[in-house]
$ cat coords.cif   # mmCIF, C-alpha atoms and all ligand atoms
data_query
loop_
_atom_site.label_atom_id
_atom_site.label_comp_id
_atom_site.auth_asym_id
_atom_site.auth_seq_id
_atom_site.Cartn_x
_atom_site.Cartn_y
_atom_site.Cartn_z
CA MET A 356 0.00 0.00 0.00
CA LYS A 357 1.41 3.32 -1.07
CA ILE A 358 1.87 6.11 1.47
CA LEU A 359 -0.45 8.19 -0.71
CA THR A 360 -3.24 5.67 -0.06
CA LEU A 361 -3.34 6.64 3.61
CA THR A 362 -4.63 10.09 2.64
CA PHE A 363 -7.85 8.47 1.39
CA LEU A 364 -8.54 6.19 4.36
CA THR A 365 -10.02 6.62 7.80
CA CYS A 366 -11.29 4.57 10.72
CA ALA A 367 -13.94 2.04 9.69
CA ARG A 368 -16.09 2.78 12.73
CA LYS A 369 -19.05 4.94 11.91
CA SER A 370 -18.89 6.87 15.17
CA CYS A 371 -15.29 7.93 14.46
CA LYS A 372 -15.92 9.40 11.02
CA PRO A 373 -17.14 12.84 12.15
CA GLU A 374 -14.19 13.12 14.55
CA PRO A 375 -11.16 14.94 13.14
CA THR A 376 -8.84 12.73 15.22
CA SER A 377 -9.85 9.65 13.16
CA TYR A 378 -7.79 10.96 10.22
CA PRO A 379 -5.11 10.26 9.38
CA LEU A 380 -4.72 6.86 10.93
CA HIS A 381 -1.37 6.77 12.68
CA PRO A 382 1.16 4.23 11.47
CA THR A 383 3.11 2.37 14.14
CA SER A 384 5.78 -0.36 13.94
CA ALA A 385 5.75 0.26 10.22
CA GLU A 386 7.99 -1.59 7.81
CA LEU A 387 8.39 0.32 4.59
CA GLU A 388 9.52 -1.00 1.26
CA ILE A 389 10.51 0.90 -1.84
CA ILE A 390 8.87 -0.48 -4.96
CA PRO A 391 10.23 1.32 -8.04
CA VAL A 392 7.71 3.07 -10.28
CA ASP A 393 8.45 4.86 -13.58
CA PHE A 394 9.02 8.53 -12.92
CA ASN A 395 6.34 10.67 -14.51
CA PRO A 396 6.46 14.37 -13.61
CA LEU A 397 3.25 15.03 -15.54
CA PHE A 398 1.42 12.59 -13.37
CA LEU A 399 2.78 14.36 -10.31
CA ARG A 400 1.57 17.65 -11.68
CA ALA A 401 -1.94 16.23 -12.06
CA LEU A 402 -1.71 14.69 -8.61
CA LEU A 403 -0.63 17.87 -6.85
CA PRO A 404 -4.14 19.35 -6.40
CA ARG A 405 -5.25 16.07 -4.77
CA LEU A 406 -2.55 16.04 -2.13
CA ASP A 407 -3.48 16.64 1.47
CA TRP A 408 -0.20 18.30 2.28
CA PRO A 409 -0.61 18.82 6.05
CA THR A 410 -1.52 15.14 6.42
CA LEU A 411 1.45 14.04 4.34
CA ARG A 412 3.66 16.02 6.67
CA ILE A 413 2.17 14.21 9.67
CA LEU A 414 2.65 10.85 7.97
CA CYS A 415 6.28 11.57 7.08
CA GLU A 416 6.98 12.35 10.68
CA ALA A 417 5.17 9.23 11.89
CA PHE A 418 7.18 7.07 9.48
CA GLY A 419 10.42 8.81 10.38
CA LEU A 420 10.86 9.97 6.80
CA PRO A 421 12.54 13.24 5.78
CA GLY A 422 10.27 16.19 6.53
CA LEU A 423 8.28 17.98 3.87
CA GLN A 424 8.34 21.72 3.42
CA GLU A 425 5.63 23.55 5.33
CA GLU A 426 3.67 24.89 2.39
CA ALA A 427 2.27 22.69 -0.36
CA PRO A 428 4.38 23.30 -3.48
CA GLU A 429 3.08 25.07 -6.55
CA GLU A 430 3.08 23.26 -9.86
CA ASP A 431 6.13 25.22 -11.03
CA ALA A 432 8.20 23.85 -8.18
CA LEU A 433 8.08 20.42 -9.84
CA PHE A 434 10.20 21.71 -12.72
CA LEU A 435 13.53 23.44 -13.04
CA GLN A 436 12.99 26.97 -14.17
CA PRO A 437 14.75 28.15 -17.34
CA GLU A 438 18.20 29.67 -16.89
CA GLU A 439 18.71 33.41 -16.79
CA GLY A 440 19.25 34.92 -20.21
CA GLY A 441 17.34 32.26 -22.10
CA ALA A 442 14.72 34.83 -23.01
CA MET A 443 13.37 33.02 -26.06
CA GLU A 444 13.08 29.79 -24.22
CA ASP A 445 11.43 31.60 -21.36
CA VAL A 446 8.66 32.89 -23.57
CA GLU A 447 8.08 29.48 -24.99
CA VAL A 448 7.85 27.89 -21.59
CA GLN A 449 5.44 30.56 -20.43
CA GLY A 450 3.23 29.75 -23.37
CA GLU A 451 3.31 26.09 -22.56
CA LYS A 452 2.18 26.64 -19.06
CA GLY A 453 -1.32 27.07 -20.40
CA LYS A 454 -3.78 24.28 -20.74
CA GLU A 455 -2.39 22.91 -23.97
CA VAL A 456 0.61 21.56 -22.14
CA VAL A 457 -1.28 18.57 -20.88
CA GLU A 458 -1.46 17.07 -24.37
CA ASP A 459 0.73 14.29 -23.08
CA VAL A 460 -1.93 11.71 -22.58
CA GLU A 461 -0.79 9.20 -25.12
CA LYS A 462 2.90 9.39 -24.38
CA LYS A 463 4.93 9.70 -21.28
CA GLY A 464 5.88 13.29 -20.70
CA GLU A 465 7.10 14.30 -24.12
CA GLU A 466 5.28 17.62 -24.16
CA GLU A 467 6.83 18.97 -20.98
CA THR A 468 10.18 20.39 -22.00
CA ARG A 469 11.25 21.50 -18.57
CA GLU A 470 13.36 19.18 -16.50
CA ALA A 471 11.88 17.80 -13.31
CA SER A 472 13.11 19.31 -10.07
CA GLN A 473 14.57 17.47 -7.10
CA LEU A 474 11.30 18.13 -5.28
CA ALA A 475 9.42 16.23 -8.01
CA LYS A 476 11.80 13.31 -7.64
CA ASP A 477 11.45 13.34 -3.86
CA LEU A 478 7.65 13.45 -4.06
CA HIS A 479 7.60 10.62 -6.57
CA HIS A 480 9.73 8.55 -4.22
CA LEU A 481 7.59 9.35 -1.19
CA LEU A 482 4.11 9.11 -2.67
CA LEU A 483 4.39 6.44 -5.32
CA GLU A 484 7.40 4.27 -4.48
CA THR A 485 7.27 4.10 -0.70
CA THR A 486 4.88 1.42 0.49
CA MET A 487 3.82 0.26 3.93
CA GLN A 488 4.25 -3.50 4.10
CA GLU A 489 3.82 -4.33 7.77
CA GLY A 490 2.66 -2.56 10.89
CA LYS A 491 -0.46 -1.05 12.34
CA LEU A 492 -2.69 1.89 11.58
CA VAL A 493 -4.13 3.35 14.76
CA CYS A 494 -7.25 5.49 15.02
CA GLY A 495 -6.60 8.60 17.07
CA CYS A 496 -10.23 8.66 18.13
CA CYS A 497 -11.14 5.14 19.28
CA GLY A 498 -7.65 3.65 19.47
CA HIS A 499 -8.53 0.72 17.24
CA GLU A 500 -5.49 -0.82 15.54
CA TYR A 501 -5.77 -1.99 11.95
CA ALA A 502 -3.11 -4.50 10.96
CA VAL A 503 -1.13 -4.18 7.76
CA LYS A 504 0.30 -7.47 6.52
CA GLU A 505 2.24 -7.97 3.32
CA GLY A 506 1.10 -4.58 2.13
CA ILE A 507 -2.62 -5.15 2.68
CA ALA A 508 -4.40 -3.26 5.46
CA ASN A 509 -7.26 -5.03 7.18
CA PHE A 510 -10.15 -2.74 8.08
CA LEU A 511 -12.59 -5.45 9.10
CA LEU A 512 -13.96 -4.76 12.58
CA PRO A 513 -15.08 -7.48 14.94
CA ALA A 514 -18.87 -7.81 14.73
CA HIS A 515 -19.55 -5.98 18.03
CA LEU A 516 -17.77 -2.84 16.76
CA VAL A 517 -19.46 -2.63 13.36
CA MET B 188 -12.44 -4.18 -28.03
CA LEU B 189 -9.85 -3.54 -25.34
CA PRO B 190 -8.12 -6.69 -24.10
CA THR B 191 -9.49 -8.32 -20.94
CA PRO B 192 -6.87 -8.66 -18.19
CA SER B 193 -5.60 -12.14 -17.54
CA THR B 194 -6.69 -13.82 -14.31
CA SER B 195 -4.99 -17.16 -14.97
CA HIS B 196 -2.91 -16.76 -11.78
CA VAL B 197 -6.00 -16.58 -9.53
CA SER B 198 -7.30 -19.54 -7.53
CA PHE B 199 -11.05 -19.60 -8.05
CA ASP B 200 -11.48 -21.91 -5.05
CA ASN B 201 -11.98 -18.85 -2.88
CA VAL B 202 -12.08 -15.87 -5.27
CA TYR B 203 -14.99 -15.06 -7.59
CA GLU B 204 -14.20 -16.04 -11.15
CA PRO B 205 -14.85 -13.38 -13.82
CA SER B 206 -18.34 -14.05 -15.16
CA GLU B 207 -21.03 -12.48 -17.27
CA ASP B 208 -21.49 -9.68 -14.74
CA SER B 209 -17.77 -8.81 -14.73
CA PHE B 210 -17.70 -8.73 -18.53
CA LEU B 211 -20.80 -6.56 -18.63
CA LEU B 212 -18.99 -4.02 -16.46
CA LEU B 213 -15.97 -4.09 -18.79
CA ASP B 214 -18.20 -3.55 -21.81
CA THR B 215 -20.13 -0.78 -20.09
CA LEU B 216 -17.08 1.14 -18.89
CA SER B 217 -15.49 1.03 -22.33
CA SER B 218 -18.70 1.75 -24.28
CA ALA B 219 -18.66 4.90 -26.40
CA SER B 220 -21.32 6.60 -24.29
CA GLU B 221 -19.57 5.97 -20.96
CA VAL B 222 -16.19 6.99 -22.33
CA GLU B 223 -17.82 10.21 -23.47
CA PHE B 224 -19.44 10.74 -20.08
CA LEU B 225 -16.24 10.03 -18.15
CA LYS B 226 -14.05 12.20 -20.36
CA THR B 227 -16.44 15.09 -19.84
CA ARG B 228 -16.70 14.53 -16.10
CA PHE B 229 -12.93 14.19 -15.66
CA PRO B 230 -11.38 16.76 -17.97
CA LYS B 231 -7.73 16.24 -18.87
CA ASN B 232 -6.46 19.25 -16.97
CA GLU B 233 -8.21 18.60 -13.71
CA ALA B 234 -6.96 16.75 -10.67
CA VAL B 235 -6.37 13.01 -10.79
CA PRO B 236 -9.57 11.04 -10.08
CA VAL B 237 -9.67 8.20 -7.54
CA ILE B 238 -11.31 5.07 -8.92
CA ALA B 239 -12.30 2.59 -6.23
CA GLU B 240 -13.80 -0.79 -6.87
CA VAL B 241 -15.67 -2.41 -4.01
CA GLY B 242 -15.69 -6.20 -4.09
CA VAL B 243 -12.94 -6.59 -6.67
CA GLY B 244 -12.78 -10.40 -6.64
CA SER B 245 -10.14 -11.41 -9.19
CA GLY B 246 -9.56 -7.74 -9.98
CA VAL B 247 -10.47 -8.11 -13.64
CA VAL B 248 -12.59 -4.95 -13.75
CA LEU B 249 -10.23 -2.69 -11.82
CA ALA B 250 -7.22 -3.99 -13.76
CA PHE B 251 -9.12 -3.20 -16.96
CA ALA B 252 -9.90 0.36 -15.81
CA ASN B 253 -6.29 0.86 -14.68
CA ALA B 254 -4.64 -0.58 -17.78
CA HIS B 255 -6.99 1.17 -20.20
CA ALA B 256 -7.30 4.46 -18.30
CA THR B 257 -6.18 6.40 -21.35
CA GLU B 258 -8.95 4.94 -23.49
CA ILE B 259 -11.67 5.10 -20.82
CA PHE B 260 -10.89 8.37 -19.03
CA GLY B 261 -9.00 10.09 -21.79
CA LYS B 262 -5.90 10.24 -19.61
CA PRO B 263 -3.61 7.84 -17.76
CA HIS B 264 -3.61 10.13 -14.73
CA VAL B 265 -5.94 8.16 -12.51
CA LEU B 266 -5.52 6.45 -9.14
CA THR B 267 -7.09 3.05 -8.61
CA LEU B 268 -7.90 1.37 -5.31
CA ALA B 269 -9.11 -2.19 -4.68
CA ILE B 270 -11.43 -3.09 -1.80
CA ASP B 271 -12.63 -6.56 -0.87
CA ILE B 272 -13.76 -8.29 2.30
CA ASN B 273 -11.81 -11.37 1.20
CA ARG B 274 -8.06 -11.17 1.65
CA HIS B 275 -7.45 -13.66 -1.16
CA ALA B 276 -9.26 -11.30 -3.52
CA CYS B 277 -7.10 -8.39 -2.33
CA GLU B 278 -3.96 -10.38 -3.12
CA ALA B 279 -5.29 -11.65 -6.44
CA THR B 280 -6.25 -8.16 -7.58
CA ARG B 281 -2.83 -6.74 -6.84
CA GLN B 282 -1.38 -9.33 -9.21
CA THR B 283 -4.07 -8.90 -11.84
CA VAL B 284 -3.55 -5.13 -11.94
CA GLU B 285 0.23 -5.46 -12.17
CA LYS B 286 0.04 -8.13 -14.83
CA ALA B 287 -2.38 -6.11 -16.96
CA SER B 288 -0.04 -3.12 -16.74
CA THR B 289 3.11 -5.02 -17.61
CA ASP B 290 1.32 -6.70 -20.49
CA LEU B 291 1.04 -3.22 -21.99
CA ALA B 292 4.65 -2.24 -21.25
CA GLY B 293 6.40 -0.98 -24.35
CA SER B 294 3.14 -0.20 -26.06
CA GLN B 295 3.54 3.58 -25.52
CA VAL B 296 0.29 3.63 -23.61
CA SER B 297 0.52 4.95 -20.07
CA VAL B 298 -1.54 3.15 -17.47
CA GLY B 299 -3.16 4.32 -14.24
CA THR B 300 -1.52 4.23 -10.82
CA PHE B 301 -2.60 1.47 -8.46
CA LEU B 302 -2.83 2.62 -4.83
CA GLY B 303 -3.15 -0.88 -3.43
CA SER B 304 -5.69 -3.35 -2.09
CA ILE B 305 -7.42 -2.98 1.24
CA GLN B 306 -9.51 -5.52 3.08
CA ALA B 307 -12.70 -3.84 4.25
CA ASP B 308 -16.46 -3.93 4.45
CA LEU B 309 -17.61 -2.00 1.38
CA GLY B 310 -16.61 1.68 1.62
CA SER B 311 -16.29 1.71 5.41
CA ALA B 312 -12.59 2.66 5.40
CA MET B 313 -12.93 5.48 2.86
CA ARG B 314 -12.81 9.10 3.92
CA SER B 315 -15.85 11.15 2.99
CA GLY B 316 -15.93 12.53 -0.52
CA VAL B 317 -12.65 11.03 -1.75
CA VAL B 318 -14.01 8.58 -4.33
CA ASP B 319 -14.59 9.91 -7.84
CA VAL B 320 -15.54 6.68 -9.59
CA LEU B 321 -16.96 3.81 -7.59
CA ILE B 322 -17.46 0.44 -9.26
CA PHE B 323 -19.55 -2.21 -7.53
CA ASN B 324 -20.40 -5.69 -8.71
CA PRO B 325 -22.30 -6.74 -5.60
CA PRO B 326 -23.27 -10.08 -4.17
CA TYR B 327 -26.70 -9.84 -5.81
CA VAL B 328 -28.12 -13.36 -5.74
CA PRO B 329 -31.08 -13.67 -3.34
CA SER B 330 -30.04 -16.05 -0.55
CA GLU B 331 -31.17 -17.53 2.73
CA GLU B 332 -27.94 -17.78 4.65
CA SER B 333 -26.95 -15.29 7.31
CA LEU B 334 -24.57 -12.75 5.86
CA ALA B 335 -23.19 -12.09 9.35
CA ASP B 336 -22.11 -15.75 9.60
CA LEU B 337 -20.46 -15.54 6.20
CA ARG B 338 -18.68 -12.37 7.24
CA ASP B 339 -17.13 -14.14 10.22
CA VAL B 340 -15.12 -16.33 7.88
CA ALA B 341 -13.54 -13.27 6.25
CA LEU B 342 -12.40 -12.14 9.71
CA SER B 343 -10.77 -15.45 10.53
CA GLU B 344 -7.21 -16.34 9.63
CA PRO B 345 -6.73 -19.33 7.35
CA GLN B 346 -5.42 -22.34 9.29
CA PHE B 347 -2.40 -23.94 7.70
CA LYS B 348 -3.15 -27.27 9.30
CA ALA B 349 -6.82 -27.24 8.36
CA SER B 350 -8.27 -30.47 7.04
CA SER B 351 -9.33 -30.42 3.42
CA SER B 352 -12.99 -30.40 4.41
CA ALA B 353 -12.43 -27.41 6.70
CA LYS B 354 -10.58 -25.64 3.92
CA PHE B 355 -13.39 -26.43 1.51
CA GLU B 356 -15.97 -25.03 3.92
CA ARG B 357 -13.96 -21.86 4.43
CA ASP B 358 -13.46 -21.40 0.70
CA SER B 359 -17.16 -21.98 0.02
CA LYS B 360 -18.12 -19.30 2.51
CA LEU B 361 -15.61 -16.84 1.07
CA LEU B 362 -17.05 -17.48 -2.37
CA ALA B 363 -20.59 -17.09 -1.04
CA LEU B 364 -19.63 -13.63 0.22
CA SER B 365 -19.03 -12.66 -3.40
CA TYR B 366 -22.50 -13.66 -4.64
CA ALA B 367 -24.98 -14.20 -1.75
CA GLY B 368 -27.01 -11.03 -1.30
CA GLY B 369 -29.60 -12.01 1.32
CA ALA B 370 -33.19 -10.82 0.91
CA ASP B 371 -33.87 -9.75 -2.71
CA GLY B 372 -30.11 -10.04 -3.16
CA MET B 373 -30.02 -6.46 -1.89
CA GLU B 374 -28.78 -6.63 1.70
CA THR B 375 -25.18 -5.79 0.91
CA THR B 376 -26.04 -3.39 -1.91
CA ASN B 377 -28.37 -1.45 0.38
CA ILE B 378 -25.56 -0.93 2.88
CA LEU B 379 -23.31 0.38 0.10
CA LEU B 380 -26.07 2.63 -1.25
CA SER B 381 -26.78 4.13 2.16
CA ASP B 382 -23.10 5.14 2.42
CA LEU B 383 -22.72 6.23 -1.22
CA PRO B 384 -23.58 9.92 -0.75
CA ARG B 385 -20.87 10.09 1.92
CA ILE B 386 -18.14 8.30 -0.04
CA LEU B 387 -18.65 9.84 -3.48
CA ASN B 388 -17.21 13.22 -4.27
CA GLU B 389 -20.20 15.55 -4.37
CA ARG B 390 -19.00 17.37 -7.46
CA ARG B 391 -17.24 14.76 -9.60
CA GLY B 392 -18.44 11.45 -8.17
CA VAL B 393 -20.07 8.71 -10.21
CA ALA B 394 -20.89 5.11 -9.31
CA TYR B 395 -21.41 2.09 -11.54
CA ILE B 396 -23.52 -0.51 -9.78
CA LEU B 397 -24.52 -3.84 -11.25
CA LEU B 398 -27.92 -5.33 -10.44
CA CYS B 399 -29.89 -8.37 -11.50
CA ALA B 400 -33.62 -8.45 -12.22
CA GLN B 401 -34.47 -9.92 -8.80
CA ASN B 402 -32.93 -6.90 -7.13
CA LYS B 403 -35.92 -4.90 -8.46
CA PRO B 404 -33.76 -2.32 -10.24
CA ALA B 405 -36.69 0.02 -10.87
CA ALA B 406 -37.29 0.29 -7.12
CA VAL B 407 -33.57 0.84 -6.53
CA MET B 408 -33.59 3.68 -9.05
CA GLU B 409 -36.57 5.28 -7.33
CA TYR B 410 -34.79 4.99 -3.99
CA ILE B 411 -31.69 6.75 -5.34
CA LYS B 412 -33.76 9.55 -6.87
CA SER B 413 -35.47 10.03 -3.50
CA TRP B 414 -32.16 11.14 -1.90
CA HIS B 415 -32.27 14.52 -3.55
CA ALA B 416 -33.42 15.98 -6.84
CA ASN B 417 -29.79 16.35 -7.91
CA TRP B 418 -29.06 12.63 -7.79
CA ASN B 419 -29.30 10.98 -11.17
CA VAL B 420 -29.54 7.34 -12.10
CA GLU B 421 -29.61 5.74 -15.49
CA VAL B 422 -29.31 2.22 -16.90
CA VAL B 423 -26.13 2.31 -18.98
CA GLY B 424 -25.54 -1.38 -19.61
CA HIS B 425 -27.51 -4.61 -19.72
CA SER B 426 -27.15 -8.21 -20.75
CA GLY B 427 -28.87 -11.57 -20.61
CA LYS B 428 -32.16 -10.15 -21.79
CA THR B 429 -33.31 -13.50 -23.12
CA ALA B 430 -31.40 -15.69 -20.70
CA GLY B 431 -34.24 -15.86 -18.19
CA TRP B 432 -33.77 -15.28 -14.51
CA GLU B 433 -30.44 -13.53 -14.46
CA VAL B 434 -30.98 -10.32 -16.34
CA LEU B 435 -28.18 -7.92 -15.54
CA GLN B 436 -28.11 -4.16 -15.58
CA VAL B 437 -25.48 -1.57 -14.82
CA LEU B 438 -26.73 1.61 -13.19
CA ARG B 439 -24.79 4.83 -13.41
CA VAL B 440 -25.48 6.89 -10.28
CA TRP B 441 -24.20 10.44 -10.02
CA PRO B 442 -24.91 13.74 -8.31
CA ASP B 443 -25.04 16.98 -10.25
CA ASN B 444 -24.72 20.41 -8.72
CA LEU B 445 -25.71 19.43 -5.24
CA PRO B 446 -26.73 22.65 -3.47
CA HIS B 447 -23.75 22.69 -1.09
CA SER B 448 -21.15 21.88 -3.75
CA LYS B 449 -19.04 24.47 -5.54
ZN ZN A 601 -11.81 4.91 15.31
#
$ encode --input "coords.cif" --output "structure tokens" --more "lines below"
Ligand SMILES: [Zn+2]
Amino acid sequence: MKILTLTFLTCARKSCKPEPTSYPLHPTSAELEIIPVDFNPLFLRALLPRLDWPTLRILCEAFGLPGLQEEAPEEDALFLQPEEGGAMEDVEVQGEKGKEVVEDVEKKGEEETREASQLAKDLHHLLLETTMQEGKLVCGCCGHEYAVKEGIANFLLPAHLV
Amino acid sequence: MLPTPSTSHVSFDNVYEPSEDSFLLLDTLSSASEVEFLKTRFPKNEAVPVIAEVGVGSGVVLAFANAHATEIFGKPHVLTLAIDINRHACEATRQTVEKASTDLAGSQVSVGTFLGSIQADLGSAMRSGVVDVLIFNPPYVPSEESLADLRDVALSEPQFKASSSAKFERDSKLLALSYAGGADGMETTNILLSDLPRILNERRGVAYILLCAQNKPAAVMEYIKSWHANWNVEVVGHSGKTAGWEVLQVLRVWPDNLPHSK
């Protein structure tokens, strides 16, 4: 299960759902594994608006991973900006920042001429390659522990808690 | 016709084997009208949609949506998530999705991004409003057995030293969870439906739900429309019209401009 997945999940108990403390579930005794994924900065760009940045920061800390910057990055931060003096290039890049730039659907990233930044590479590694294989996810509201085994989290509650 | 993902690695002793209902979902999702609908609802330049399938079984439908995201959604930028009460199905789906993606490697077509499989009761582990596309092929066959008893088997750990008859009984119950729907075959579907307005994104969300004739689809459609005037439901796929008792339909359920949405 990718780290990103945790930003879509919460405690399975109905009574916990309205409680802010039920999200995110807190990972403990986690074993992480890196599973390589093809790097695709255009996918990251499309993913950016879906990221719950404050929660990702909490998760990084809980996993003991390198901290994320405080503010969610802007799209431009995923790409290296053109060098000083490259005025022509600059204009071109500006033009491409419009909507047409996402004409990449059929191919992997050929339309984006800018090079990906280190931040893009770090985010790719964190969100898409880092997976939780073992451990527990703990609800901050009811304290229930959901086991993660071989990368699959088990959210089934015993019958009396459903 | 887009290729159907291979499920030859799956043991159908305890995981639902792709059947007419699964194939109807594949055909519906890749039909010209649904592709048109989905491309319009999820424009290229907007944020990545989350596609969750509840009750994935072998994973054939989710693997299809993930591998053919470019054809179905007009973009490969989608996230897919598998949910099943049966751990074997969670494991099987992970493989099915990966296999379907690697089968396309080198073909220049980008595939979706698989978030993983989680073992859960329907959408119970999902945060509110995070699902954009929900796919559900429910246990829809009317049945007598207690669904609570069947559920207990999904909670239990498999015993390595189990006798073959105990293993057979366990496997049978796990399989029953994938098709036995209780009264009218609707007990499980009704639970999912009652949680649907919470799970689905109020602006972009859309659900594809398969029903059989005994589920009284017309009544189900009326029920959905009774939630609010902005909830829509339409039959967008059907099969088995002449086959007798098992007539299948796929409903598309979606909210439009709910009053409190942007
Ligand atoms: Zn809880």
$ residues_near_point --input "coords.cif" --point "(-23.1, 3.1, -0.4)" --cutoff "10 Å" --atoms "all atoms listed in the file" --output "compact mmCIF listing (two decimals) with C-alpha atoms, in the frame of the given file"
# COMPACT_ATOMS: atom_id res chain seq x y z
CA VAL B 241 -15.67 -2.41 -4.01
CA LEU B 309 -17.61 -2.00 1.38
CA GLY B 310 -16.61 1.68 1.62
CA SER B 311 -16.29 1.71 5.41
CA LEU B 321 -16.96 3.81 -7.59
CA PHE B 323 -19.55 -2.21 -7.53
CA THR B 375 -25.18 -5.79 0.91
CA THR B 376 -26.04 -3.39 -1.91
CA ASN B 377 -28.37 -1.45 0.38
CA ILE B 378 -25.56 -0.93 2.88
CA LEU B 379 -23.31 0.38 0.10
CA LEU B 380 -26.07 2.63 -1.25
CA SER B 381 -26.78 4.13 2.16
CA ASP B 382 -23.10 5.14 2.42
CA LEU B 383 -22.72 6.23 -1.22
CA PRO B 384 -23.58 9.92 -0.75
CA ARG B 385 -20.87 10.09 1.92
CA ILE B 386 -18.14 8.30 -0.04
CA LEU B 387 -18.65 9.84 -3.48
CA ALA B 394 -20.89 5.11 -9.31
$ closest_residue --input "coords.cif" --among "B:Ile238, B:Val222, B:Ala254, B:Ile272" --to "chain A" --atoms "only C-alpha atoms"
B:Ile272
$ residues_around --input "coords.cif" --residues "region 490-505 of chain A" --least-positions-apart "4" --cutoff "6 Å" --atoms "only C-alpha atoms" --output "number ranges by chain"
A: 366, 376-377, 380-385, 509-510
$ closest_atom_pairs --input "coords.cif" --of "chain B" --to "chain A" --cutoff "6 Å" --atoms "only C-alpha atoms" --output "CSV"
residue,atom,partner,partner_atom,distance
B:Ala234,CA,A:Ala401,CA,5.2
B:Val235,CA,A:Leu402,CA,5.4
B:Lys262,CA,A:Val460,CA,5.2
B:His264,CA,A:Phe398,CA,5.8
B:Gln295,CA,A:Lys462,CA,6.0
B:Val296,CA,A:Glu461,CA,5.9
B:Leu302,CA,A:Thr360,CA,5.7
B:Gly303,CA,A:Met356,CA,4.7
B:Ser304,CA,A:Ile507,CA,6.0
B:Ile305,CA,A:Ala508,CA,5.2
B:Gln306,CA,A:Asn509,CA,4.7
B:Ala307,CA,A:Phe510,CA,4.7
B:Ser311,CA,A:Ala367,CA,4.9
B:Ala312,CA,A:Ala367,CA,4.5
B:Met313,CA,A:Leu364,CA,4.7
B:Arg314,CA,A:Leu364,CA,5.2
$ atom_distance --input "coords.cif" --atom1 "CA of His196 (chain B)" --atom2 "CA of Thr215 (chain B)"
24.9 Å
$ residues_around --input "coords.cif" --residues "Glu470 (chain A)" --least-positions-apart "6" --cutoff "10 Å" --atoms "only C-alpha atoms" --output "list of chain:residue names"
A:Pro396, A:Leu433, A:Phe434, A:Leu435, A:Gln436, A:Pro437
$ residues_around --input "coords.cif" --residues "Thr227 (chain B)" --least-positions-apart "5" --cutoff "10 Å" --atoms "only C-alpha atoms" --output "number ranges by chain"
B: 221-222, 260-261
$ write_last_selection --input "coords.cif" --atoms "C-alpha atoms" --output "CSV table (one decimal), in the frame of the given file"
chain,number,residue,atom,x,y,z
B,221,GLU,CA,-19.6,6.0,-21.0
B,222,VAL,CA,-16.2,7.0,-22.3
B,260,PHE,CA,-10.9,8.4,-19.0
B,261,GLY,CA,-9.0,10.1,-21.8
$ atom_distance --input "coords.cif" --atom1 "CA of Pro442 (chain B)" --atom2 "CA of Asn419 (chain B)"
5.9 Å
$ atom_distance --input "coords.cif" --atom1 "CA of Asn388 (chain B)" --atom2 "CA of Ser315 (chain B)"
7.7 Å
$ residues_around --input "coords.cif" --residues "region 205-209 of chain B" --least-positions-apart "5" --cutoff "10 Å" --atoms "only C-alpha atoms" --output "list in words"
Thr194, Phe199, Asp214, Thr215, Val243, Gly244, Ser245, Gly246, Val247, Val248, Phe323, Asn324, Pro325, Leu397, Leu398, Cys399, His425, Ser426, Gly427, Glu433, Val434, Leu435, Gln436 and Val437 of chain B
$ residues_near_point --input "coords.cif" --point "(0.4, -5.9, -15.0)" --cutoff "10 Å" --atoms "all atoms listed in the file" --output "JSON, numbers by chain"
{"B": [192, 193, 250, 253, 254, 281, 282, 283, 284, 285, 286, 287, 288, 289, 290, 291, 292, 298]}
$ closest_residue --input "coords.cif" --among "B:Val317, B:Leu266, B:Gly299, B:Val197" --to "Asp407 (chain A)" --atoms "all atoms listed in the file"
B:Val317
$ closest_residue --input "coords.cif" --among "B:Pro329, B:Ala353, B:Met188, B:Arg439" --to "Phe251 (chain B)" --atoms "all atoms listed in the file"
B:Met188
$ closest_residue --input "coords.cif" --among "A:Leu423, A:Leu516, A:Trp408, A:Phe418" --to "ligand ZN 601 (chain A)" --atoms "all atoms listed in the file"
A:Leu516
$ residues_around --input "coords.cif" --residues "His480 (chain A)" --least-positions-apart "6" --cutoff "9 Å" --atoms "all atoms listed in the file" --output "ChimeraX atom specification"
/A:389,391-392,394
